[in-house]
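Undergrad: Just start.cif, nothing more (mmCIF, C-alpha atoms):
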data_target
loop_
_atom_site.label_atom_id
_atom_site.label_comp_id
_atom_site.auth_asym_id
_atom_site.auth_seq_id
_atom_site.Cartn_x
_atom_site.Cartn_y
_atom_site.Cartn_z
CA MET A 87 -50.97 -51.85 -69.94
CA LYS A 88 -52.98 -52.75 -73.04
CA LEU A 89 -56.67 -51.98 -72.59
CA THR A 90 -59.63 -53.54 -74.33
CA ALA A 91 -61.92 -51.33 -76.42
CA GLY A 92 -64.34 -51.14 -73.51
CA GLY A 93 -61.51 -50.33 -71.11
CA ARG A 94 -60.29 -47.50 -73.34
CA ARG A 95 -63.79 -46.03 -73.46
CA LEU A 96 -64.15 -46.19 -69.70
CA ALA A 97 -60.76 -44.52 -69.26
CA ALA A 98 -61.73 -41.83 -71.78
CA ALA A 99 -65.06 -41.31 -69.98
CA ALA A 100 -63.18 -40.94 -66.69
CA LEU A 101 -60.85 -38.37 -68.24
CA VAL A 102 -63.68 -36.33 -69.75
CA GLN A 103 -65.81 -36.21 -66.62
CA SER A 104 -62.81 -35.60 -64.34
CA LEU A 105 -61.94 -32.55 -66.44
CA GLY A 106 -65.44 -31.32 -65.68
CA ILE A 107 -65.08 -32.06 -61.97
CA GLY A 108 -61.76 -30.22 -61.86
CA LEU A 109 -63.35 -27.21 -63.52
CA PHE A 110 -66.23 -27.30 -61.06
CA MET A 111 -64.13 -27.76 -57.93
CA ALA A 112 -61.89 -24.82 -58.78
CA SER A 113 -64.55 -22.36 -59.94
CA SER A 114 -67.79 -23.22 -58.13
CA MET A 115 -67.09 -21.49 -54.80
CA ALA A 116 -66.27 -18.23 -56.57
CA TYR A 117 -69.42 -18.54 -58.70
CA PHE A 118 -71.73 -19.23 -55.77
CA THR A 119 -70.31 -16.49 -53.53
CA ARG A 120 -69.65 -13.77 -56.11
CA GLN A 121 -72.41 -14.31 -58.68
CA VAL A 122 -75.24 -16.09 -56.80
CA ASN A 123 -74.44 -14.07 -53.64
CA LEU A 124 -74.44 -17.02 -51.24
CA SER A 125 -72.18 -16.83 -48.22
CA ALA A 126 -69.26 -19.24 -47.85
CA ASN A 127 -71.01 -20.73 -44.80
CA GLN A 128 -74.17 -21.34 -46.82
CA VAL A 129 -72.22 -23.14 -49.52
CA ALA A 130 -70.26 -25.23 -47.02
CA SER A 131 -73.32 -26.16 -44.96
CA GLY A 132 -75.31 -26.94 -48.08
CA LEU A 133 -72.61 -29.29 -49.37
CA ALA A 134 -72.31 -30.99 -45.96
CA LEU A 135 -76.07 -31.51 -45.61
CA ALA A 136 -76.37 -32.78 -49.16
CA GLY A 137 -73.51 -35.21 -48.50
CA VAL A 138 -75.26 -36.68 -45.47
CA VAL A 139 -78.64 -37.05 -47.19
CA ALA A 140 -77.04 -38.46 -50.34
CA LEU A 141 -75.46 -41.33 -48.39
CA GLY A 142 -78.78 -43.18 -48.35
CA ILE A 143 -79.95 -42.06 -51.78
CA SER A 144 -76.74 -43.29 -53.40
CA LEU A 145 -77.62 -46.90 -52.48
CA LEU A 146 -80.28 -46.78 -55.19
CA GLY A 147 -77.52 -46.74 -57.79
CA GLY A 148 -76.46 -50.29 -56.96
CA VAL A 149 -80.04 -51.56 -56.80
CA LEU A 150 -80.79 -50.04 -60.21
CA ALA A 151 -77.54 -51.41 -61.65
CA ASP A 152 -78.57 -54.95 -60.64
CA ARG A 153 -81.99 -54.46 -62.15
CA TYR A 154 -81.32 -52.50 -65.36
CA GLY A 155 -77.59 -52.99 -65.99
CA ALA A 156 -74.56 -51.04 -64.80
CA ARG A 157 -73.91 -49.46 -68.20
CA ARG A 158 -77.30 -47.76 -68.42
CA VAL A 159 -77.24 -46.62 -64.82
CA LEU A 160 -73.70 -45.21 -65.01
CA ALA A 161 -74.60 -43.30 -68.18
CA ALA A 162 -77.68 -41.95 -66.39
CA VAL A 163 -75.55 -40.91 -63.41
CA TYR A 164 -73.13 -39.02 -65.64
CA LEU A 165 -76.03 -37.42 -67.49
CA GLY A 166 -77.64 -36.44 -64.18
CA ARG A 167 -74.45 -34.78 -63.01
CA GLY A 168 -74.24 -32.87 -66.28
CA VAL A 169 -77.83 -31.65 -65.99
CA CYS A 170 -77.16 -30.52 -62.40
CA CYS A 171 -74.12 -28.51 -63.45
CA ALA A 172 -76.11 -26.80 -66.19
CA ALA A 173 -78.95 -26.18 -63.71
CA TYR A 174 -76.61 -24.17 -61.48
CA VAL A 175 -76.78 -21.46 -64.15
CA PHE A 176 -80.39 -20.79 -63.08
CA VAL A 177 -79.83 -20.92 -59.30
CA THR A 178 -80.66 -17.63 -57.56
CA ASP A 179 -81.07 -18.50 -53.87
CA PHE A 180 -79.99 -20.95 -51.16
CA TRP A 181 -82.91 -23.38 -51.46
CA GLN A 182 -82.50 -23.71 -55.20
CA PHE A 183 -78.81 -24.31 -54.56
CA MET A 184 -79.70 -27.02 -52.01
CA ALA A 185 -82.09 -28.80 -54.38
CA VAL A 186 -79.58 -28.94 -57.23
CA THR A 187 -76.69 -29.81 -54.93
CA LEU A 188 -78.57 -32.73 -53.37
CA CYS A 189 -79.20 -34.23 -56.82
CA ALA A 190 -75.61 -33.58 -57.89
CA VAL A 191 -74.06 -35.13 -54.76
CA ALA A 192 -76.41 -38.14 -54.93
CA CYS A 193 -75.24 -38.79 -58.50
CA ASP A 194 -71.63 -38.29 -57.41
CA ARG A 195 -71.94 -40.82 -54.57
CA ALA A 196 -73.76 -43.36 -56.74
CA GLY A 197 -71.16 -43.28 -59.51
CA PRO A 198 -68.10 -45.17 -58.13
CA PRO A 199 -69.83 -48.47 -57.18
CA VAL A 200 -71.78 -48.51 -60.45
CA LEU A 201 -68.51 -47.95 -62.32
CA GLN A 202 -67.01 -50.94 -60.50
CA ALA A 203 -70.06 -53.02 -61.36
CA LEU A 204 -69.67 -52.09 -65.02
CA VAL A 205 -65.96 -52.96 -64.98
CA ALA A 206 -66.89 -56.34 -63.47
CA VAL A 207 -69.23 -57.19 -66.34
CA ALA A 208 -67.05 -55.62 -69.05
CA LEU A 209 -63.83 -57.48 -68.23
CA PRO A 210 -63.67 -61.25 -67.68
CA GLU A 211 -60.37 -61.43 -65.76
CA ARG A 212 -60.13 -60.33 -62.12
CA GLN A 213 -56.63 -58.85 -62.43
CA GLU A 214 -57.64 -56.93 -65.56
CA ARG A 215 -60.45 -55.30 -63.61
CA THR A 216 -58.14 -54.04 -60.88
CA ARG A 217 -55.61 -52.70 -63.36
CA LEU A 218 -58.31 -50.94 -65.38
CA LEU A 219 -59.60 -49.27 -62.22
CA ALA A 220 -56.00 -48.22 -61.51
CA VAL A 221 -55.77 -46.65 -64.98
CA VAL A 222 -59.11 -44.90 -64.41
CA ASN A 223 -57.83 -43.53 -61.09
CA VAL A 224 -54.64 -42.21 -62.67
CA VAL A 225 -56.55 -40.66 -65.57
CA ARG A 226 -59.01 -39.10 -63.13
CA ASN A 227 -56.22 -37.50 -61.09
CA CYS A 228 -54.67 -36.04 -64.22
CA GLY A 229 -58.04 -34.77 -65.43
CA LEU A 230 -58.79 -33.11 -62.10
CA GLY A 231 -55.49 -31.24 -62.24
CA VAL A 232 -55.94 -30.07 -65.83
CA GLY A 233 -59.55 -29.07 -65.19
CA ALA A 234 -58.58 -27.09 -62.10
CA MET A 235 -55.96 -25.20 -64.10
CA ALA A 236 -58.43 -24.53 -66.92
CA ALA A 237 -60.83 -22.97 -64.41
CA GLY A 238 -58.33 -20.15 -64.09
CA VAL A 239 -59.85 -18.57 -67.21
CA ALA A 240 -63.23 -18.09 -65.50
CA LEU A 241 -61.61 -17.03 -62.24
CA ALA A 242 -59.45 -14.45 -64.00
CA SER A 243 -62.37 -12.82 -65.83
CA ASP A 244 -64.69 -13.17 -62.80
CA THR A 245 -67.83 -12.45 -64.83
CA GLN A 246 -71.20 -14.15 -64.73
CA ALA A 247 -70.94 -15.02 -68.42
CA ALA A 248 -67.57 -16.74 -67.93
CA TYR A 249 -68.84 -18.80 -65.02
CA ARG A 250 -71.98 -19.81 -66.91
CA VAL A 251 -69.96 -20.88 -69.93
CA THR A 252 -67.80 -22.93 -67.57
CA LEU A 253 -70.85 -24.64 -66.01
CA VAL A 254 -72.29 -25.49 -69.42
CA THR A 255 -68.88 -26.84 -70.48
CA ILE A 256 -68.84 -29.04 -67.39
CA GLY A 257 -72.32 -30.31 -68.27
CA LEU A 258 -71.14 -31.18 -71.79
CA ALA A 259 -68.13 -33.02 -70.33
CA PHE A 260 -70.46 -35.26 -68.33
CA LEU A 261 -72.65 -35.77 -71.39
CA GLY A 262 -69.55 -36.89 -73.30
CA GLY A 263 -68.74 -39.31 -70.50
CA ALA A 264 -72.27 -40.75 -70.68
CA VAL A 265 -71.98 -41.31 -74.44
CA LEU A 266 -68.65 -43.12 -74.02
CA VAL A 267 -70.06 -45.33 -71.25
CA LEU A 268 -72.98 -46.40 -73.46
CA ARG A 269 -70.43 -47.74 -75.96
CA VAL A 270 -68.79 -50.07 -73.42
CA PRO A 271 -69.71 -53.70 -74.21
CA GLU A 272 -71.10 -55.78 -71.36
CA LEU A 273 -70.50 -59.50 -71.22
CA ALA A 274 -73.62 -61.58 -71.58
CA ALA A 275 -74.89 -62.95 -68.30
CA PRO A 276 -74.23 -66.69 -67.93
CA THR A 277 -77.20 -68.85 -68.78
CA VAL A 278 -78.65 -71.09 -66.12
CA GLU A 279 -79.04 -74.72 -67.07
CA ALA A 280 -82.52 -76.09 -66.74
CA ALA A 281 -83.06 -78.34 -63.74
CA PRO A 282 -83.77 -82.02 -64.46
CA GLU A 283 -87.42 -82.88 -64.75
CA GLY A 284 -88.92 -83.56 -61.35
CA ALA A 285 -86.11 -81.84 -59.46
CA ALA A 286 -87.03 -79.11 -57.04
CA GLU A 287 -86.07 -75.63 -58.23
CA ARG A 288 -83.41 -74.10 -55.98
CA PRO A 289 -84.49 -70.67 -54.76
CA VAL A 290 -82.18 -67.74 -55.31
CA LYS A 291 -81.32 -66.17 -52.00
CA SER A 292 -81.76 -62.41 -52.05
CA ARG A 293 -80.46 -60.17 -49.28
CA VAL A 294 -81.64 -56.73 -48.36
CA LEU A 295 -78.15 -56.09 -46.94
CA PRO A 296 -74.83 -57.81 -47.69
CA ASP A 297 -73.74 -60.69 -45.47
CA ALA A 298 -72.09 -60.02 -42.10
CA ARG A 299 -68.51 -60.48 -43.31
CA TYR A 300 -68.98 -58.06 -46.18
CA LEU A 301 -70.53 -55.52 -43.81
CA THR A 302 -67.65 -55.99 -41.37
CA LEU A 303 -65.13 -55.43 -44.15
CA THR A 304 -67.06 -52.30 -45.12
CA GLY A 305 -66.75 -50.97 -41.57
CA LEU A 306 -63.03 -51.72 -41.43
CA ASN A 307 -62.53 -50.02 -44.77
CA PHE A 308 -64.01 -46.89 -43.17
CA LEU A 309 -60.89 -46.85 -40.99
CA LEU A 310 -58.44 -47.83 -43.74
CA PHE A 311 -59.78 -45.07 -45.98
CA PHE A 312 -58.54 -42.64 -43.34
CA PHE A 313 -55.73 -41.71 -45.75
CA ASP A 314 -58.19 -39.43 -47.55
CA THR A 315 -59.07 -37.41 -44.44
CA MET A 316 -55.45 -37.43 -43.28
CA LEU A 317 -54.41 -35.77 -46.53
CA LEU A 318 -57.28 -33.34 -47.10
CA VAL A 319 -58.00 -32.25 -43.51
CA ALA A 320 -55.44 -33.41 -40.97
CA MET A 321 -52.30 -32.62 -42.95
CA PRO A 322 -52.96 -28.92 -43.72
CA VAL A 323 -54.40 -28.18 -40.26
CA TRP A 324 -51.49 -29.98 -38.54
CA ILE A 325 -48.90 -28.09 -40.58
CA LEU A 326 -50.49 -24.68 -40.04
CA GLU A 327 -51.34 -25.04 -36.33
CA HIS A 328 -48.92 -27.61 -34.85
CA THR A 329 -45.64 -27.17 -36.72
CA ASP A 330 -43.43 -24.26 -37.75
CA ALA A 331 -43.06 -25.53 -41.33
CA PRO A 332 -43.58 -22.87 -44.03
CA ARG A 333 -47.21 -22.44 -45.12
CA ALA A 334 -46.23 -23.27 -48.70
CA THR A 335 -45.40 -26.79 -47.49
CA VAL A 336 -49.11 -27.62 -47.67
CA SER A 337 -49.40 -27.06 -51.42
CA VAL A 338 -46.06 -28.75 -52.10
CA LEU A 339 -47.15 -31.88 -50.21
CA PHE A 340 -50.51 -31.96 -52.02
CA ALA A 341 -48.61 -31.90 -55.30
CA LEU A 342 -46.25 -34.61 -54.04
CA ASN A 343 -49.22 -36.85 -53.22
CA THR A 344 -50.74 -36.36 -56.67
CA VAL A 345 -47.47 -37.19 -58.43
CA LEU A 346 -46.87 -40.29 -56.32
CA VAL A 347 -50.40 -41.65 -56.84
CA VAL A 348 -50.13 -41.13 -60.60
CA MET A 349 -46.73 -42.86 -60.68
CA LEU A 350 -47.46 -45.75 -58.30
CA GLN A 351 -51.11 -46.70 -58.71
CA ILE A 352 -50.75 -48.86 -61.83
CA PRO A 353 -47.52 -50.67 -60.76
CA VAL A 354 -48.93 -51.39 -57.28
CA SER A 355 -52.21 -52.66 -58.74
CA LYS A 356 -50.22 -55.49 -60.35
CA LEU A 357 -49.49 -56.84 -56.87
CA ALA A 358 -53.18 -57.66 -56.36
CA THR A 359 -52.86 -61.20 -57.72
CA GLY A 360 -54.48 -64.06 -55.87
CA GLN A 361 -56.79 -63.97 -52.90
CA ARG A 362 -54.13 -64.42 -50.22
CA ARG A 363 -51.78 -61.77 -51.56
CA THR A 364 -54.59 -59.27 -52.11
CA THR A 365 -55.99 -59.68 -48.61
CA ARG A 366 -52.47 -59.29 -47.20
CA MET A 367 -52.37 -55.85 -48.81
CA LEU A 368 -55.01 -54.76 -46.28
CA THR A 369 -52.59 -55.44 -43.44
CA TRP A 370 -49.90 -53.52 -45.28
CA THR A 371 -52.32 -50.60 -45.70
CA GLY A 372 -52.87 -50.36 -41.95
CA ALA A 373 -49.16 -50.71 -41.22
CA VAL A 374 -48.05 -48.07 -43.74
CA LEU A 375 -50.76 -45.66 -42.58
CA ALA A 376 -49.50 -46.19 -39.02
CA VAL A 377 -45.96 -45.23 -40.11
CA SER A 378 -47.39 -42.11 -41.76
CA SER A 379 -49.21 -41.20 -38.54
CA LEU A 380 -46.01 -41.55 -36.51
CA CYS A 381 -44.17 -39.35 -39.00
CA PHE A 382 -46.83 -36.66 -38.55
CA ALA A 383 -46.44 -36.97 -34.79
CA ALA A 384 -42.64 -36.59 -35.06
CA SER A 385 -42.98 -33.45 -37.20
CA GLY A 386 -44.68 -31.65 -34.33
CA SER A 387 -41.75 -32.09 -31.95
CA VAL A 388 -38.99 -30.65 -34.15
CA ALA A 389 -38.45 -27.39 -36.00
CA GLY A 390 -37.17 -26.15 -39.34
CA GLY A 391 -35.83 -28.59 -41.89
CA PRO A 392 -36.37 -31.73 -39.80
CA ALA A 393 -40.08 -30.88 -39.45
CA VAL A 394 -40.43 -30.55 -43.23
CA ALA A 395 -38.54 -33.82 -43.69
CA TRP A 396 -40.88 -35.66 -41.31
CA LEU A 397 -43.90 -34.17 -43.08
CA ALA A 398 -42.57 -35.25 -46.47
CA ALA A 399 -42.00 -38.77 -45.12
CA ALA A 400 -45.56 -38.76 -43.78
CA VAL A 401 -47.04 -37.85 -47.15
CA VAL A 402 -44.85 -40.33 -49.04
CA THR A 403 -45.96 -43.20 -46.81
CA LEU A 404 -49.57 -41.96 -46.86
CA SER A 405 -49.51 -41.95 -50.67
CA LEU A 406 -48.10 -45.48 -50.69
CA ALA A 407 -50.88 -46.61 -48.33
CA GLU A 408 -53.44 -44.97 -50.62
CA VAL A 409 -52.40 -46.90 -53.73
CA ILE A 410 -52.11 -50.17 -51.79
CA ALA A 411 -55.57 -49.73 -50.26
CA ASN A 412 -57.13 -48.79 -53.60
CA SER A 413 -55.73 -51.86 -55.33
CA ALA A 414 -56.84 -54.23 -52.59
CA VAL A 415 -60.38 -52.94 -52.04
CA TRP A 416 -61.14 -52.56 -55.75
CA ASP A 417 -60.37 -56.24 -56.18
CA LEU A 418 -61.96 -57.59 -53.01
CA SER A 419 -65.13 -55.51 -53.01
CA ILE A 420 -66.00 -56.93 -56.45
CA ALA A 421 -64.76 -60.48 -55.88
CA LEU A 422 -66.61 -60.93 -52.59
CA ALA A 423 -69.94 -59.67 -53.96
CA PRO A 424 -72.43 -62.20 -55.42
CA GLU A 425 -72.77 -61.60 -59.14
CA GLU A 426 -76.56 -61.23 -59.07
CA GLN A 427 -76.38 -58.56 -56.35
CA ARG A 428 -73.04 -57.00 -57.17
CA GLY A 429 -74.34 -53.46 -57.62
CA ARG A 430 -76.11 -53.48 -54.25
CA TYR A 431 -73.08 -54.90 -52.44
CA LEU A 432 -70.73 -52.37 -54.02
CA SER A 433 -73.03 -49.48 -53.15
CA VAL A 434 -73.05 -50.56 -49.51
CA PHE A 435 -69.26 -50.94 -49.55
CA ASN A 436 -68.94 -47.44 -51.00
CA LEU A 437 -70.65 -46.10 -47.87
CA SER A 438 -67.35 -46.64 -46.07
CA VAL A 439 -65.70 -44.19 -48.47
CA ALA A 440 -68.54 -41.66 -48.52
CA GLY A 441 -68.96 -41.97 -44.76
CA GLN A 442 -65.29 -41.26 -44.18
CA ARG A 443 -65.62 -38.06 -46.19
CA VAL A 444 -68.58 -36.96 -44.08
CA LEU A 445 -67.48 -38.14 -40.62
CA GLY A 446 -63.71 -38.15 -41.09
CA PRO A 447 -63.23 -34.38 -40.72
CA VAL A 448 -65.26 -34.47 -37.48
CA LEU A 449 -63.08 -37.26 -36.06
CA VAL A 450 -59.89 -35.51 -37.14
CA THR A 451 -60.71 -32.11 -35.68
CA GLY A 452 -62.56 -33.36 -32.61
CA LEU A 453 -60.30 -36.23 -31.53
CA LEU A 454 -57.02 -36.57 -33.39
CA LEU A 455 -55.72 -33.01 -33.75
CA SER A 456 -57.05 -31.87 -30.39
CA SER A 457 -54.84 -34.51 -28.72
CA GLY A 458 -51.63 -33.39 -30.42
CA SER A 459 -48.92 -35.97 -31.08
CA LEU A 460 -50.64 -38.48 -28.80
CA GLY A 461 -53.62 -38.47 -31.16
CA TRP A 462 -51.37 -39.59 -34.02
CA VAL A 463 -49.91 -42.40 -31.92
CA VAL A 464 -53.38 -43.67 -31.00
CA ALA A 465 -54.43 -43.44 -34.64
CA ALA A 466 -51.40 -45.51 -35.64
CA ALA A 467 -52.39 -48.28 -33.23
CA VAL A 468 -56.01 -48.29 -34.44
CA LEU A 469 -54.92 -48.47 -38.09
CA VAL A 470 -52.59 -51.42 -37.49
CA VAL A 471 -55.41 -53.35 -35.79
CA ALA A 472 -57.89 -52.40 -38.52
CA GLY A 473 -55.56 -53.61 -41.29
CA GLY A 474 -54.95 -56.97 -39.65
CA ALA A 475 -58.64 -57.47 -38.89
CA ALA A 476 -59.62 -56.55 -42.45
CA GLU A 477 -57.24 -59.18 -43.83
CA ARG A 478 -58.71 -61.91 -41.61
CA VAL A 479 -62.30 -60.99 -42.51
CA ALA A 480 -61.60 -60.76 -46.24
CA ARG A 481 -59.69 -64.04 -46.27
CA THR A 482 -62.46 -65.86 -44.40
CA ALA A 483 -65.11 -64.41 -46.69
CA GLY A 484 -63.11 -65.46 -49.74
CA GLU A 485 -62.71 -69.01 -48.47
CA ARG A 486 -66.42 -69.30 -47.79
CA MET A 487 -67.31 -68.09 -51.26
CA ARG A 488 -64.62 -70.31 -52.78
CA VAL A 489 -63.47 -67.57 -55.08
CA GLY A 490 -62.25 -69.16 -58.29
CA VAL A 491 -58.81 -67.54 -58.37
CA PRO A 492 -55.41 -68.93 -57.44
CA VAL A 493 -54.54 -68.62 -53.76
CA ASP A 494 -50.84 -67.93 -53.59
CA ALA A 495 -48.66 -68.59 -50.59
#
How would this structure read if it were set down as structure tokens?
TA:
Amino acid sequence: MKLTAGGRRLAAAALVQSLGIGLFMASSMAYFTRQVNLSANQVASGLALAGVVALGISLLGGVLADRYGARRVLAAVYLGRGVCCAAYVFVTDFWQFMAVTLCAVACDRAGPPVLQALVAVALPERQERTRLLAVVNVVRNCGLGVGAMAAGVALASDTQAAYRVTLVTIGLAFLGGAVLVLRVPELAAPTVEAAPEGAAERPVKSRVLPDARYLTLTGLNFLLFFFDTMLLVAMPVWILEHTDAPRATVSVLFALNTVLVVMLQIPVSKLATGQRRTTRMLTWTGAVLAVSSLCFAASGSVAGGPAVAWLAAAVVTLSLAEVIANSAVWDLSIALAPEEQRGRYLSVFNLSVAGQRVLGPVLVTGLLLSSGSLGWVVAAAVLVVAGGAAERVARTAGERMRVGVPVDA
């Protein structure tokens, strides 16, 4: 895929800041527990609390993007994350950790919808936007992996100086991302023709919240984004507690997911062409996730090689559902948002993703896994219904907005 100059800069910014995130994810727990002397429970509870509080704060990102421009706000978000990483060098107790973490997580949650808003104003063609976001996702996955491996240097030395150098390096990575974002050209906003003399001026309707259909699609996306919690929480717990598959299967399946997403995301994003075909991808997401759930259920009733085979099939189908869902919601969440309030709409839509990461683990451990194989079967039924409902809502919303794209059969 040939990217524009702005697209290349956004992809480079994603690579740089994902390297920093990978470094942080792999080294931060060791730093906080071994150098700052926080307990693992303090770190975990602090991250969870910050995640909940940041859900509301992150909405400001979209509001600010509409007011001041997505490019400036995204650069500020990246800069804020860099400052927070550098600030961790000076953290000495739990409350300082909480203050910095709240700011860092708020910036993290605000970033994705503002990035989408910037892509929307940087690229004129709808399909180009989806494919650029696919490239960004692939680049981000690669950067996370490389950054995590690079963190091994700090982990091996296990000294305060090594961890502090790592945190400063992460801060510089985010600063580099901010500089690259500032160089992305934004398309000029369309000019509004003056109304004929004597004609009444038509008021611009402003909403505090998105319209009902957009909110409904946001809620349904909470369910369709279940692939994230299935992979990060349900899969390892299910393997370790409900199957006799080797423990190493967990890491192998994580690697399999990463490889499949990197390989499939860009080709699958090309299928998001036309309103009808893109909305149909939501139904396919629910259906493929349902197949994955049934594969997980089957793995718990067999032993040895067949269990591993069912688990591999579950992760393959889950990965396919992930790239289908990404391609569809990237396109639809932008296309169904009014241009003048795009940042606000996208920030609200992103709550379905952030909310899944906060509430998903609770649902998985409290409902799904506690019910054994039956829990997976129920989840499969819910996901099929959610996918079909999401298609109907998105299609109706698109027809009402009269999206100016071809509607294929």
Undergrad: Using all atoms listed in the file, determine which residues lie at most 9 Å from range 184-195 of chain A, disregarding the query and same-chain residues fewer than 2 positions distant; provide the list as a ChimeraX atom specification.
TA: /A:129,132-133,135-137,139-145,147,162-164,166-171,173-174,177,179-182,197-199,433,436-437,440
Undergrad: Which residue gives the smallest distance to Thr371 in chain A among A:Ile352, A:Val122, A:Val409, A:Val347, with all atoms listed in the file counted?
TA: A:Val409
Undergrad: Show which residues sit within 9 Å of Leu406 in chain A, as an NGL selection string. Count only C-alpha atoms, and ignore same-chain residues fewer than 4 positions away.
TA: :A and (346-347 or 350-351 or 354 or 371 or 374-375 or 401-402 or 410-411)
Undergrad: Expanded to explicit residues, what is the PyMOL selection byres ((chain A and resi 430) around 8) for this file, as a ChimeraX atom specification?
TA: /A:145-149,151-152,296,427-429,431-434
Undergrad: Of the candidates A:Thr315, A:Val463, A:Leu326, A:Val439, which shows the shortest atom-to-atom distance to Cys381 in chain A, using all atoms listed in the file?
TA: A:Val463
Undergrad: Using the chain letters and numbers from the file, which residues does the PyMOL selection byres ((chain A and resi 314) around 12) grab, as a compact mmCIF listing (two decimals) with C-alpha atoms, in the coordinates of the input?
TA:
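The result, written out as expr_29.txt:
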# COMPACT_ATOMS: atom_id res chain seq x y z
CA ASN A 307 -62.53 -50.02 -44.77
CA PHE A 308 -64.01 -46.89 -43.17
CA LEU A 309 -60.89 -46.85 -40.99
CA LEU A 310 -58.44 -47.83 -43.74
CA PHE A 311 -59.78 -45.07 -45.98
CA PHE A 312 -58.54 -42.64 -43.34
CA PHE A 313 -55.73 -41.71 -45.75
CA THR A 315 -59.07 -37.41 -44.44
CA MET A 316 -55.45 -37.43 -43.28
CA LEU A 317 -54.41 -35.77 -46.53
CA LEU A 318 -57.28 -33.34 -47.10
CA VAL A 319 -58.00 -32.25 -43.51
CA ALA A 320 -55.44 -33.41 -40.97
CA MET A 321 -52.30 -32.62 -42.95
CA PHE A 340 -50.51 -31.96 -52.02
CA ASN A 343 -49.22 -36.85 -53.22
CA LEU A 375 -50.76 -45.66 -42.58
CA VAL A 401 -47.04 -37.85 -47.15
CA LEU A 404 -49.57 -41.96 -46.86
CA SER A 405 -49.51 -41.95 -50.67
CA ALA A 407 -50.88 -46.61 -48.33
CA GLU A 408 -53.44 -44.97 -50.62
CA VAL A 409 -52.40 -46.90 -53.73
CA ALA A 411 -55.57 -49.73 -50.26
CA ASN A 412 -57.13 -48.79 -53.60
CA SER A 438 -67.35 -46.64 -46.07
CA VAL A 439 -65.70 -44.19 -48.47
CA ALA A 440 -68.54 -41.66 -48.52
CA GLY A 441 -68.96 -41.97 -44.76
CA GLN A 442 -65.29 -41.26 -44.18
CA ARG A 443 -65.62 -38.06 -46.19
CA VAL A 444 -68.58 -36.96 -44.08
CA LEU A 445 -67.48 -38.14 -40.62
CA GLY A 446 -63.71 -38.15 -41.09
CA PRO A 447 -63.23 -34.38 -40.72
CA VAL A 450 -59.89 -35.51 -37.14
Undergrad: Here's a test: counting only C-alpha atoms, identify every protein, DNA and RNA residue with an atom at most 12 Å from (-55.3, -59.0, -54.1) in the file's coordinate frame, and state them as a PyMOL selection string.
TA: chain A and resi 212-217+354-370+410-422+477+480-481+484+489+491-494
Undergrad: Using CA of Met111 in chain A and CA of Gln128 in chain A as the two end points, give the distance in Å to one decimal.
TA: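 About the pair CA of Met111 in chain A and CA of Gln128 in chain A: they are 16.3 Å apart.
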Undergrad: Given the file shown, determine the residues that the PyMOL selection byres ((chain A and resi 102) around 10) selects; report them as a compact mmCIF listing (two decimals) with C-alpha atoms, keeping the file's coordinate frame.
TA:
# COMPACT_ATOMS: atom_id res chain seq x y z
CA LEU A 96 -64.15 -46.19 -69.70
CA ALA A 97 -60.76 -44.52 -69.26
CA ALA A 98 -61.73 -41.83 -71.78
CA ALA A 99 -65.06 -41.31 -69.98
CA ALA A 100 -63.18 -40.94 -66.69
CA LEU A 101 -60.85 -38.37 -68.24
CA GLN A 103 -65.81 -36.21 -66.62
CA SER A 104 -62.81 -35.60 -64.34
CA LEU A 105 -61.94 -32.55 -66.44
CA GLY A 106 -65.44 -31.32 -65.68
CA ILE A 107 -65.08 -32.06 -61.97
CA VAL A 225 -56.55 -40.66 -65.57
CA ARG A 226 -59.01 -39.10 -63.13
CA GLY A 229 -58.04 -34.77 -65.43
CA LEU A 230 -58.79 -33.11 -62.10
CA GLY A 233 -59.55 -29.07 -65.19
CA ILE A 256 -68.84 -29.04 -67.39
CA LEU A 258 -71.14 -31.18 -71.79
CA ALA A 259 -68.13 -33.02 -70.33
CA PHE A 260 -70.46 -35.26 -68.33
CA LEU A 261 -72.65 -35.77 -71.39
CA GLY A 262 -69.55 -36.89 -73.30
CA GLY A 263 -68.74 -39.31 -70.50
CA ALA A 264 -72.27 -40.75 -70.68
CA LEU A 266 -68.65 -43.12 -74.02
Undergrad: Extending 4 Å beyond the listed atoms of range 208-216 of chain A on each side, what axis-aligned box results? I want centre and edge lengths in Å to one decimal, as JSON.
TA:
{"center_x": -61.8, "center_y": -57.7, "center_z": -65.0, "size_x": 18.4, "size_y": 15.4, "size_z": 16.2}
Undergrad: Select, from A:Ala466, A:Val224, A:Ala156, A:Ala398, the residue with the minimum atom-to-atom distance to Leu339 in chain A, counting only C-alpha atoms.
TA: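 For Leu339 in chain A, the nearest of the given residues is A:Ala398.
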Undergrad: What does the distance between CA of Ser459 in chain A and CA of Glu327 in chain A come to in Å, to one decimal place?
TA: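 So the answer is 12.4 Å.
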Undergrad: I'd like to know which of A:Pro353, A:Pro424, A:Gly458, A:Gly473 is closest to Leu380 in chain A, using all atoms listed in the file.
TA: A:Gly458
Undergrad: Quick one: of A:Arg269, A:Val394, A:Ala203, A:Gly372, who's nearest to Ala331 in chain A, counting only C-alpha atoms?
TA: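 Distance minimum relative to Ala331 in chain A lands on A:Val394.
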Undergrad: Leaving out range 236-249 of chain A and any residue of its chain fewer than 5 positions from it, which residues lie within 10 Å of it when counting all atoms listed in the file, given as a PyMOL selection string?
TA: chain A and resi 105-106+108-114+116-118+120-122+175+230-231+254-255
Undergrad: Nearest to Ala389 in chain A among A:Ile325, A:Val251, A:Val448, A:Ala126, with distances taken over all atoms listed in the file: which residue is it?
TA: A:Ile325
